Each structure stands twice: as structure tokens, then as C-alpha cells.
file final_38.cif (mmCIF, C-alpha atoms)
data_my_file
loop_
_atom_site.label_atom_id
_atom_site.label_comp_id
_atom_site.auth_asym_id
_atom_site.auth_seq_id
_atom_site.Cartn_x
_atom_site.Cartn_y
_atom_site.Cartn_z
CA MET A 3 9.38 52.43 -6.58
CA THR A 4 6.73 49.69 -6.73
CA VAL A 5 4.94 48.39 -3.68
CA SER A 6 3.94 44.77 -3.90
CA THR A 7 0.40 44.20 -2.59
CA GLU A 8 -0.13 40.48 -3.05
CA LEU A 9 -3.19 39.47 -1.09
CA GLU A 10 -3.98 35.96 0.03
CA VAL A 11 -7.41 34.47 -0.59
CA GLN A 12 -8.92 33.46 2.73
CA SER A 13 -12.25 32.11 3.95
CA PHE A 14 -14.64 34.43 5.74
CA VAL A 15 -18.08 34.12 7.23
CA LEU A 16 -20.38 36.98 6.28
CA LEU A 17 -22.87 37.85 8.96
CA ARG A 18 -25.76 40.27 8.94
CA LEU A 19 -26.53 42.77 11.67
CA GLY A 20 -29.59 44.79 10.82
CA GLU A 21 -29.06 46.19 7.35
CA ARG A 22 -25.30 45.79 7.34
CA ARG A 23 -22.99 42.91 6.62
CA PHE A 24 -19.73 42.19 8.36
CA ALA A 25 -17.14 39.47 7.96
CA VAL A 26 -15.23 37.31 10.41
CA SER A 27 -12.37 35.00 9.53
CA ALA A 28 -13.79 31.51 9.07
CA ASN A 29 -11.01 30.16 11.28
CA GLN A 30 -12.70 31.85 14.21
CA ILE A 31 -16.16 30.40 13.68
CA ALA A 32 -17.36 27.28 15.46
CA GLU A 33 -21.00 27.11 14.35
CA LEU A 34 -24.24 28.94 13.71
CA VAL A 35 -27.05 27.97 16.07
CA ALA A 36 -30.67 28.86 16.62
CA PRO A 37 -31.35 31.18 19.54
CA SER A 38 -31.80 29.38 22.82
CA ARG A 39 -32.60 30.48 26.33
CA VAL A 40 -30.25 33.11 27.65
CA PHE A 41 -29.45 32.69 31.32
CA ARG A 42 -28.91 36.03 33.00
CA PHE A 43 -27.24 36.75 36.30
CA PRO A 44 -25.80 39.89 37.88
CA HIS A 45 -22.52 41.16 36.49
CA ARG A 46 -20.88 44.46 35.61
CA THR A 47 -19.46 43.82 32.15
CA LEU A 48 -21.13 45.91 29.47
CA LYS A 49 -22.36 44.26 26.27
CA LEU A 50 -22.71 40.82 27.86
CA GLU A 51 -26.31 39.64 28.04
CA GLY A 52 -25.81 36.37 29.81
CA VAL A 53 -24.88 32.87 28.81
CA ILE A 54 -26.33 30.02 26.78
CA LEU A 55 -25.80 26.30 27.20
CA ARG A 56 -24.32 24.71 24.11
CA ARG A 57 -23.08 21.11 23.98
CA GLY A 58 -22.39 21.08 27.69
CA ARG A 59 -20.51 24.35 27.56
CA ILE A 60 -21.57 27.63 29.05
CA VAL A 61 -21.11 30.25 26.33
CA PRO A 62 -21.38 34.00 26.96
CA VAL A 63 -23.66 36.00 24.68
CA CYS A 64 -22.22 39.29 23.49
CA ASP A 65 -24.35 41.70 21.48
CA VAL A 66 -21.97 43.70 19.31
CA SER A 67 -24.70 45.51 17.36
CA GLU A 68 -24.72 48.61 19.52
CA MET A 69 -21.03 49.15 18.95
CA LEU A 70 -21.23 48.45 15.21
CA LEU A 71 -24.61 49.95 14.34
CA GLY A 72 -25.22 52.37 17.18
CA LYS A 73 -28.39 50.54 18.19
CA ARG A 74 -29.46 47.20 19.60
CA LEU A 75 -30.89 44.48 17.43
CA THR A 76 -34.66 44.21 17.55
CA SER A 77 -34.68 40.71 16.12
CA ARG A 78 -32.17 37.93 16.09
CA ARG A 79 -32.30 34.75 14.12
CA PHE A 80 -29.10 32.97 15.04
CA TYR A 81 -26.13 32.96 17.33
CA LEU A 82 -22.79 32.84 15.61
CA ILE A 83 -20.50 30.89 17.92
CA ALA A 84 -17.01 32.23 17.48
CA VAL A 85 -13.68 31.74 19.14
CA ARG A 86 -12.38 34.61 21.23
CA ASN A 87 -8.68 34.72 22.12
CA TYR A 88 -7.49 35.82 25.54
CA GLY A 89 -3.74 35.71 25.28
CA THR A 90 -2.96 32.02 25.04
CA GLN A 91 -6.48 30.98 26.07
CA ARG A 92 -9.42 30.63 23.74
CA GLU A 93 -13.10 30.49 24.54
CA TRP A 94 -16.36 30.45 22.67
CA ILE A 95 -18.53 33.51 22.48
CA ALA A 96 -22.03 33.74 21.00
CA VAL A 97 -22.77 36.77 18.80
CA PRO A 98 -26.45 37.38 17.94
CA VAL A 99 -27.00 37.98 14.21
CA THR A 100 -30.12 38.87 12.26
CA GLY A 101 -29.84 36.69 9.20
CA GLU A 102 -28.28 33.74 7.49
CA CYS A 103 -24.50 33.67 7.34
CA GLU A 104 -22.53 32.94 4.21
CA LEU A 105 -19.10 31.39 3.71
CA ILE A 106 -17.04 33.17 1.08
CA LYS A 107 -13.47 33.28 -0.14
CA ALA A 108 -11.98 36.71 -0.57
CA GLU A 109 -8.82 38.74 -0.32
CA MET A 110 -8.57 40.91 2.73
CA MET A 111 -6.91 44.28 2.80
CA GLY A 112 -5.35 45.07 6.13
CA ALA A 113 -6.79 47.75 8.37
CA ALA A 114 -5.41 51.25 8.21
CA GLU A 115 -4.13 53.08 11.25
CA SER A 116 -7.18 55.29 11.17
CA ASP A 117 -9.56 52.33 11.40
CA ALA A 118 -11.24 51.45 14.67
CA PRO A 119 -9.52 48.74 16.75
CA HIS A 120 -12.29 46.26 16.01
CA VAL A 121 -11.55 46.42 12.26
CA ALA A 122 -9.18 43.63 11.24
CA GLY A 123 -9.37 44.59 7.58
CA TRP A 124 -11.62 45.06 4.60
CA LEU A 125 -12.83 42.88 1.78
CA SER A 126 -14.83 43.40 -1.33
CA HIS A 127 -17.79 41.15 -2.08
CA ASP A 128 -20.80 41.54 -4.39
CA GLY A 129 -19.98 45.16 -4.94
CA ASP A 130 -19.88 45.92 -1.21
CA VAL A 131 -16.88 46.84 0.86
CA ILE A 132 -17.21 44.88 4.07
CA GLU A 133 -15.51 45.30 7.44
CA VAL A 134 -13.68 42.24 8.71
CA LEU A 135 -14.18 42.17 12.45
CA ASN A 136 -11.55 41.60 15.09
CA LEU A 137 -13.67 39.92 17.74
CA ASP A 138 -10.89 40.15 20.29
CA ALA A 139 -11.13 43.93 20.15
CA LEU A 140 -14.89 44.04 19.76
CA THR A 141 -15.88 41.95 22.75
CA PRO A 142 -15.03 42.50 26.41
CA GLY A 143 -12.34 40.59 28.20
CA THR A 144 -9.32 42.72 28.74
CA GLY A 145 -8.09 44.66 31.73
CA PRO A 146 -6.12 44.21 34.88
CA ALA A 147 -8.87 42.34 36.71
CA LEU A 148 -8.75 39.68 34.01
CA ALA A 149 -5.03 39.18 34.09
CA GLY A 150 -5.08 37.97 37.67
CA ALA A 151 -8.12 35.84 37.17
CA THR A 152 -6.80 33.93 34.17
CA VAL A 153 -3.78 32.83 36.10
CA ARG A 154 -5.79 31.66 39.07
CA GLN A 155 -8.67 29.90 37.42
CA PRO A 156 -8.61 26.84 35.22
CA ALA A 157 -11.09 26.75 32.35
CA GLU A 158 -13.12 24.11 34.06
CA VAL A 159 -13.09 22.40 37.39
CA ARG A 160 -14.45 18.91 37.66
CA LEU A 161 -15.31 18.37 41.27
CA MET B 8 -13.01 25.77 14.65
CA ARG B 9 -13.01 23.40 17.57
CA LEU B 10 -11.89 23.93 21.11
CA ALA B 11 -10.75 21.16 23.37
CA ALA B 12 -13.83 19.29 24.50
CA PRO B 13 -14.82 19.46 28.14
CA GLY B 14 -13.09 16.73 30.12
CA LYS B 15 -14.37 13.22 29.65
CA ALA B 16 -16.65 11.86 32.28
CA SER B 17 -14.77 10.51 35.24
CA PRO B 18 -16.14 9.08 38.46
CA ALA B 19 -18.33 11.98 39.49
CA LYS B 20 -17.17 13.80 42.58
CA SER B 21 -19.76 16.20 43.77
CA GLU B 22 -19.97 19.23 45.98
CA GLN B 23 -22.98 19.96 48.14
CA ILE B 24 -24.46 23.34 47.40
CA ILE B 25 -27.31 25.48 48.64
CA LEU B 26 -29.44 27.21 46.02
CA PHE B 27 -30.77 30.50 47.30
CA ARG B 28 -32.57 33.55 45.98
CA VAL B 29 -31.81 37.22 46.19
CA SER B 30 -34.40 39.52 44.59
CA GLY B 31 -35.72 36.56 42.66
CA GLN B 32 -32.31 35.70 41.19
CA LEU B 33 -30.98 32.22 41.81
CA PHE B 34 -27.47 31.69 43.17
CA ALA B 35 -25.54 28.77 44.61
CA ILE B 36 -23.07 28.55 47.45
CA SER B 37 -21.08 25.62 48.73
CA SER B 38 -22.82 24.30 51.82
CA ALA B 39 -19.38 23.94 53.42
CA ALA B 40 -19.06 27.72 53.24
CA VAL B 41 -22.19 28.31 55.30
CA GLN B 42 -21.59 28.10 59.02
CA GLU B 43 -25.11 29.01 60.11
CA VAL B 44 -28.47 29.85 58.63
CA ARG B 45 -30.44 32.27 60.78
CA SER B 46 -33.63 34.18 60.33
CA ALA B 47 -33.01 37.89 60.02
CA ASP B 48 -35.40 38.46 62.91
CA SER B 49 -33.36 36.29 65.25
CA MET B 50 -30.28 38.42 64.65
CA SER B 51 -31.98 41.78 64.80
CA GLY B 52 -31.72 42.13 68.55
CA ALA B 53 -27.96 41.81 68.43
CA ALA B 54 -27.44 44.03 65.40
CA ALA B 55 -26.09 47.53 65.59
CA GLU B 56 -26.32 50.08 62.84
CA ILE B 57 -23.19 50.90 60.93
CA SER B 58 -22.54 53.32 58.11
CA ALA B 59 -19.38 53.31 56.04
CA PRO B 60 -19.02 55.95 53.34
CA GLY B 61 -19.85 54.61 49.89
CA LEU B 62 -20.75 51.18 51.21
CA ARG B 63 -24.53 51.04 51.25
CA LYS B 64 -24.74 47.25 51.13
CA VAL B 65 -23.69 46.98 54.79
CA ARG B 66 -25.91 48.74 57.29
CA HIS B 67 -25.69 46.46 60.29
CA VAL B 68 -23.07 44.65 62.28
CA VAL B 69 -23.42 41.84 64.80
CA ARG B 70 -20.93 41.38 67.62
CA ARG B 71 -19.97 37.87 68.63
CA GLY B 72 -17.41 38.03 71.38
CA ASP B 73 -14.46 39.85 69.92
CA ARG B 74 -15.60 39.14 66.39
CA SER B 75 -17.78 41.41 64.23
CA LEU B 76 -20.01 40.08 61.49
CA PHE B 77 -21.01 42.53 58.82
CA ILE B 78 -24.45 41.96 57.38
CA VAL B 79 -24.24 42.32 53.61
CA ASN B 80 -27.48 42.97 51.79
CA GLY B 81 -27.28 40.51 48.89
CA ALA B 82 -29.58 42.54 46.63
CA MET B 83 -27.46 45.66 46.98
CA HIS B 84 -24.23 43.72 46.58
CA PHE B 85 -25.36 42.33 43.24
CA GLY B 86 -27.07 45.54 42.13
CA LEU B 87 -30.52 43.94 42.14
CA HIS B 88 -33.81 45.51 43.15
CA ALA B 89 -33.92 46.01 46.88
CA ALA B 90 -35.68 43.17 48.62
CA GLU B 91 -36.60 42.48 52.21
CA GLY B 92 -34.13 39.77 53.17
CA THR B 93 -35.48 37.17 55.52
CA LEU B 94 -32.55 34.83 56.05
CA LEU B 95 -28.91 35.24 56.92
CA PHE B 96 -26.07 33.00 55.87
CA VAL B 97 -23.19 33.33 58.30
CA LEU B 98 -20.26 32.53 56.03
CA ARG B 99 -17.44 30.40 57.37
CA LYS B 100 -13.95 31.91 57.56
CA THR B 101 -15.26 35.35 56.67
CA ARG B 102 -16.70 38.32 58.52
CA THR B 103 -19.79 38.26 56.34
CA ALA B 104 -23.39 37.44 57.12
CA LEU B 105 -25.29 37.48 53.83
CA LEU B 106 -28.88 38.69 53.80
CA ILE B 107 -30.95 36.69 51.28
CA ASP B 108 -34.60 36.18 50.38
CA GLY B 109 -34.70 32.46 50.99
CA ILE B 110 -33.33 29.02 50.32
CA GLU B 111 -34.55 27.22 47.22
CA LYS B 112 -33.09 23.80 47.96
CA MET B 113 -29.95 21.86 48.69
CA THR B 114 -28.42 19.86 45.90
CA SER B 115 -25.04 18.89 44.52
CA MET B 116 -23.00 19.90 41.54
CA THR B 117 -20.48 17.77 39.72
CA ARG B 118 -18.96 20.37 37.47
CA LEU B 119 -18.02 23.99 37.99
CA GLN B 120 -17.10 25.95 34.87
CA SER B 121 -14.99 28.98 35.54
CA LEU B 122 -16.56 32.27 34.62
CA PRO B 123 -16.02 32.93 30.89
CA LEU B 124 -13.11 35.29 30.43
CA CYS B 125 -15.18 38.00 28.80
CA PHE B 126 -16.75 38.66 32.19
CA CYS B 127 -14.04 40.98 33.36
CA HIS B 128 -15.27 43.18 36.20
CA GLU B 129 -16.36 42.70 39.82
CA GLU B 130 -18.20 39.53 38.95
CA ARG B 131 -14.83 37.76 38.85
CA GLN B 132 -14.59 38.37 42.59
CA TRP B 133 -18.24 37.54 43.16
CA TYR B 134 -18.31 34.11 41.55
CA ARG B 135 -16.26 30.95 41.73
CA GLY B 136 -17.84 30.00 38.44
CA LEU B 137 -21.03 28.74 36.84
CA THR B 138 -22.74 25.41 37.07
CA ALA B 139 -25.47 23.87 34.97
CA LEU B 140 -28.29 22.28 36.97
CA ASP B 141 -31.43 20.89 35.34
CA GLN B 142 -30.78 22.86 32.15
CA THR B 143 -30.36 26.06 34.12
CA VAL B 144 -27.14 27.96 34.63
CA VAL B 145 -26.50 29.11 38.17
CA PRO B 146 -23.66 31.34 39.36
CA VAL B 147 -21.76 29.86 42.30
CA VAL B 148 -20.80 32.64 44.68
CA HIS B 149 -17.43 33.10 46.27
CA PRO B 150 -17.91 33.40 50.06
CA GLU B 151 -15.00 35.81 50.32
CA GLY B 152 -16.27 37.90 47.42
CA PHE B 153 -18.85 39.90 49.33
CA LEU B 154 -16.41 42.17 51.16
CA SER B 155 -13.02 43.15 49.81
CA SER B 156 -10.14 43.94 52.13
CA GLU B 157 -10.65 47.64 51.33
CA GLU B 158 -14.31 47.40 52.26
CA LEU B 159 -13.45 45.57 55.48
CA ALA B 160 -11.00 48.32 56.37
CA LEU B 161 -13.73 50.92 55.78
CA LEU B 162 -16.14 48.96 57.93
CA ASP B 163 -13.60 48.51 60.72
CA SER B 164 -13.05 52.22 60.70
CA ALA B 165 -16.80 52.86 60.82
CA LEU B 166 -17.07 50.33 63.62
CA LEU B 167 -14.70 52.35 65.76
CA GLN B 168 -17.00 55.31 65.33
CA THR B 169 -20.02 53.16 66.13
CA ASP B 170 -18.29 51.95 69.28
CA ALA B 171 -17.52 55.49 70.30
CA ALA B 172 -21.15 56.46 69.75
CA ALA B 173 -22.37 53.39 71.63
CA ALA B 174 -20.09 54.21 74.54
CA GLN B 175 -21.82 57.55 74.80
CA ASN B 176 -25.28 55.99 74.63
CA PRO B 177 -25.02 52.28 75.58
CA GLU B 178 -28.77 51.51 75.23
CA VAL B 179 -28.91 52.10 71.48
CA THR B 180 -29.35 48.99 69.34
CA ASP B 181 -31.14 48.68 66.03
CA PRO B 182 -33.90 46.11 65.81
CA SER B 183 -34.57 46.73 62.11
CA LEU B 184 -32.52 44.61 59.71
#
call {"tool": "encode", "arguments": {"input": "final_38.cif", "output": "C-alpha cells"}}
result
Amino acid sequence: MTVSTELEVQSFVLLRLGERRFAVSANQIAELVAPSRVFRFPHRTLKLEGVILRRGRIVPVCDVSEMLLGKRLTSRRFYLIAVRNYGTQREWIAVPVTGECELIKAEMMGAAESDAPHVAGWLSHDGDVIEVLNLDALTPGTGPALAGATVRQPAEVRL
Amino acid sequence: MRLAAPGKASPAKSEQIILFRVSGQLFAISSAAVQEVRSADSMSGAAAEISAPGLRKVRHVVRRGDRSLFIVNGAMHFGLHAAEGTLLFVLRKTRTALLIDGIEKMTSMTRLQSLPLCFCHEERQWYRGLTALDQTVVPVVHPEGFLSSEELALLDSALLQTDAAAAQNPEVTDPSL
């Protein structure tokens, strides 16, 4: 028996966190921006640092380095603004990264059952095997408290 | 990838807000939600001590006729460093009097962005949303978000005990807020 494994070439953005590189589907990326002031206020959601103002939007900043590397980033050069899905809703999220990002085309192999939930798949590039991240699993935003809130609150209220 | 742009500018309708500080942190509240602003000192004579298990943010209650106002320490509510509150906001249509450091100013906001969905814990009850003022982002508090119905039930229960204790010793009041 032969198993067909045709893989589709897709676009990915490679990002650097410390010494490691990760990939995110290019469809999920809005832009790469220089770090700006992070506005902090009290909250209880882990991994969220605060918010930045970007083009009139308030965008949450989520540091995923601790989950991926086991330690926090000591330096950050850019924020990768990505789209995070919440059911049918989508919002921007800013992920601090430590270096330039690169747009590549590659074939992605799907994640195995044994992979962590934040792994969407794997790709091979420049001799490295790189994790493709599932930002929806990597960043906070699920849970029963959210379900009620999404129904009640519109994305924006103009007074 | 693009998301739908924020709504186009329309004739700006604004909401009056009060900017206030708790432990140095800036917050906003709709001025319509504030029934009274009192100095903490002026309320201290009427305040009685109360202690509900696991609810350290409320230590005093003020009786007004048949109504009880629970004084919520804003710093403890938000998990900030304890600060000596000097002002109280008596919040309309609630049983909360919020202890704060001080008022920054009154202003108006024309846009309230709902809290991003990745904030997914108690803060969703705390805040109506976020607003950008003078290139600063300020959380706009929900007046009903300081005491949940479960917390109010705990406090009512503790109040019964306080009443029983006060009945035994009617001269006890607590001047320290």
C-alpha cells in the first residue's frame, strides 16, 4: 500500500526568538513593527504584558518566549503583529521577537499527535527543521469566562 | 492580513469620564456611574468593620438607612501595592464605595474599545474596555465589577454577624478606613 503525501507549498514568516527560529503562516501576519510603549494595567491573564497602540487600535502584547524557550526574552527588536482567531472573531496580537523576520515558501508537514498543541506543523528550511506555530493555541484567550464575554461585547463601541 | 478597519469617523458622541489613580495606576470611570465623591475621613465615623472570609478587599461597611455600602479597597481589588486611599467613589446602582488614591481629572472619551479577547480572566468583569487618551491607554472600569453576587452574599452574611456583635456592644464603630 502506498500513502500519498503531496504537500502544498505555502508562505510562512520565519521569526527569531533568542537562538531559535519558528514559523507562522504568512496568512496570519499583519505587519512587523518597531517596539513602542507598552501600556500596562492590572489583569490576571498570564503571558500578557499589556497593550500597544497601533494605527488607532489597541493591540495586546503576548510574550510567547517563556513557553517556547523556557525563558523570557532579554532583548526584543520588533513586534510581529499577527491575527489571532477566537471562534468566528479575529483580533490582532503583538508577539515580541528578537530579530528580523523572513518570508519564505515551504511545504509544511502536519503536526503529529505527540506534538504540543501549539505546533501546527513542521517545515524544513536552510537545513533546519522549524516548528510552525499555532498562535491560537499558544496565546491566551480560551475558557468559559471568554465565551460569555464575546457574546456580550462588540469589538468596539463608538460612543 | 488585514482586519476590518475601526469604524469611520462619525459625529463624535462622547462620554464624560473621571480619571483616577489607585496605587499610581490610572483608571477611568464614567462620571454617570459615580453618585458621590467623599473623602475617606468624612465616611470614617459611619464605617463599621466587617470581615468576610477570603475577601480582604472589603474591611468596612457604611450604613445608609436600610442600605449598606461596602467599601472596596481599589488597590487590593486590582492586586496592586497597598495604598492609603483618600477618596471614596460611591457608585450608583451598586452597593460599592470604591477607595482610591485620588482624582486625576475629568475628561471625555469618544471611543471605547472592548477588552481584547486574549484577556480572559477576572479583568473581563473589571473593565468595560479600554480607551486611548492623549496617546495613553486607560482601562475603563465597570462599576458593577468590584463585587460579584457571590462576594455580596458573603458580605451580607458577614454583615449579619457584625450586626449581632454590634447589638452586644452598640458603642463600637471603627474610625480607621
call {"tool": "resolve_selection", "arguments": {"input": "final_38.cif", "expression": "the PyMOL selection byres ((chain B) within 8 of (chain A))", "output": "mmCIF file with C-alpha atoms, in the coordinates of the input"}}
result
data_model
loop_
_atom_site.group_PDB
_atom_site.id
_atom_site.type_symbol
_atom_site.label_atom_id
_atom_site.label_comp_id
_atom_site.auth_asym_id
_atom_site.auth_seq_id
_atom_site.Cartn_x
_atom_site.Cartn_y
_atom_site.Cartn_z
ATOM 1 C CA MET B 8 -13.010 25.770 14.650
ATOM 2 C CA ARG B 9 -13.010 23.400 17.570
ATOM 3 C CA LEU B 10 -11.890 23.930 21.110
ATOM 4 C CA PRO B 13 -14.820 19.460 28.140
ATOM 5 C CA GLY B 14 -13.090 16.730 30.120
ATOM 6 C CA ALA B 19 -18.330 11.980 39.490
ATOM 7 C CA LYS B 20 -17.170 13.800 42.580
ATOM 8 C CA SER B 21 -19.760 16.200 43.770
ATOM 9 C CA GLU B 22 -19.970 19.230 45.980
ATOM 10 C CA GLN B 32 -32.310 35.700 41.190
ATOM 11 C CA PHE B 85 -25.360 42.330 43.240
ATOM 12 C CA GLY B 86 -27.070 45.540 42.130
ATOM 13 C CA LEU B 87 -30.520 43.940 42.140
ATOM 14 C CA MET B 116 -23.000 19.900 41.540
ATOM 15 C CA THR B 117 -20.480 17.770 39.720
ATOM 16 C CA ARG B 118 -18.960 20.370 37.470
ATOM 17 C CA LEU B 119 -18.020 23.990 37.990
ATOM 18 C CA GLN B 120 -17.100 25.950 34.870
ATOM 19 C CA SER B 121 -14.990 28.980 35.540
ATOM 20 C CA PRO B 123 -16.020 32.930 30.890
ATOM 21 C CA LEU B 124 -13.110 35.290 30.430
ATOM 22 C CA CYS B 125 -15.180 38.000 28.800
ATOM 23 C CA PHE B 126 -16.750 38.660 32.190
ATOM 24 C CA CYS B 127 -14.040 40.980 33.360
ATOM 25 C CA HIS B 128 -15.270 43.180 36.200
ATOM 26 C CA GLU B 129 -16.360 42.700 39.820
ATOM 27 C CA GLU B 130 -18.200 39.530 38.950
ATOM 28 C CA ARG B 131 -14.830 37.760 38.850
ATOM 29 C CA LEU B 137 -21.030 28.740 36.840
ATOM 30 C CA GLN B 142 -30.780 22.860 32.150
ATOM 31 C CA THR B 143 -30.360 26.060 34.120
ATOM 32 C CA VAL B 144 -27.140 27.960 34.630
ATOM 33 C CA VAL B 145 -26.500 29.110 38.170
ATOM 34 C CA PRO B 146 -23.660 31.340 39.360
#
call {"tool": "resolve_selection", "arguments": {"input": "final_38.cif", "expression": "the PyMOL selection byres ((chain B and resi 25) around 9)", "output": "PyMOL selection string"}}
result
chain B and resi 23-24+26-27+34-38+41+110-115
call {"tool": "resolve_selection", "arguments": {"input": "final_38.cif", "expression": "the PyMOL selection byres ((chain B and resi 100) around 9)", "output": "MDAnalysis selection string"}}
result
chainID B and resid 40 42 98:99 101:103 150:151
call {"tool": "atom_distance", "arguments": {"input": "final_38.cif", "atom1": "atom CA of Glu102 of chain A", "atom2": "atom CA of Asp128 of chain A"}}
result
16.1 Å
call {"tool": "atom_distance", "arguments": {"input": "final_38.cif", "atom1": "atom CA of Asp48 of chain B", "atom2": "atom CA of Ile107 of chain B"}}
result
12.6 Å
call {"tool": "closest_residue", "arguments": {"input": "final_38.cif", "among": "B:Thr138, B:Asn176, B:Ser58, B:Asn80", "to": "Asp108 of chain B", "atoms": "only C-alpha atoms"}}
result
B:Asn80
call {"tool": "atom_distance", "arguments": {"input": "final_38.cif", "atom1": "atom CA of Leu135 of chain A", "atom2": "atom CA of Thr90 of chain A"}}
result
19.7 Å
call {"tool": "closest_residue", "arguments": {"input": "final_38.cif", "among": "A:Ser67, A:Gln12, A:Thr100, A:Thr76", "to": "Ala36 of chain A", "atoms": "all atoms listed in the file"}}
result
A:Thr100
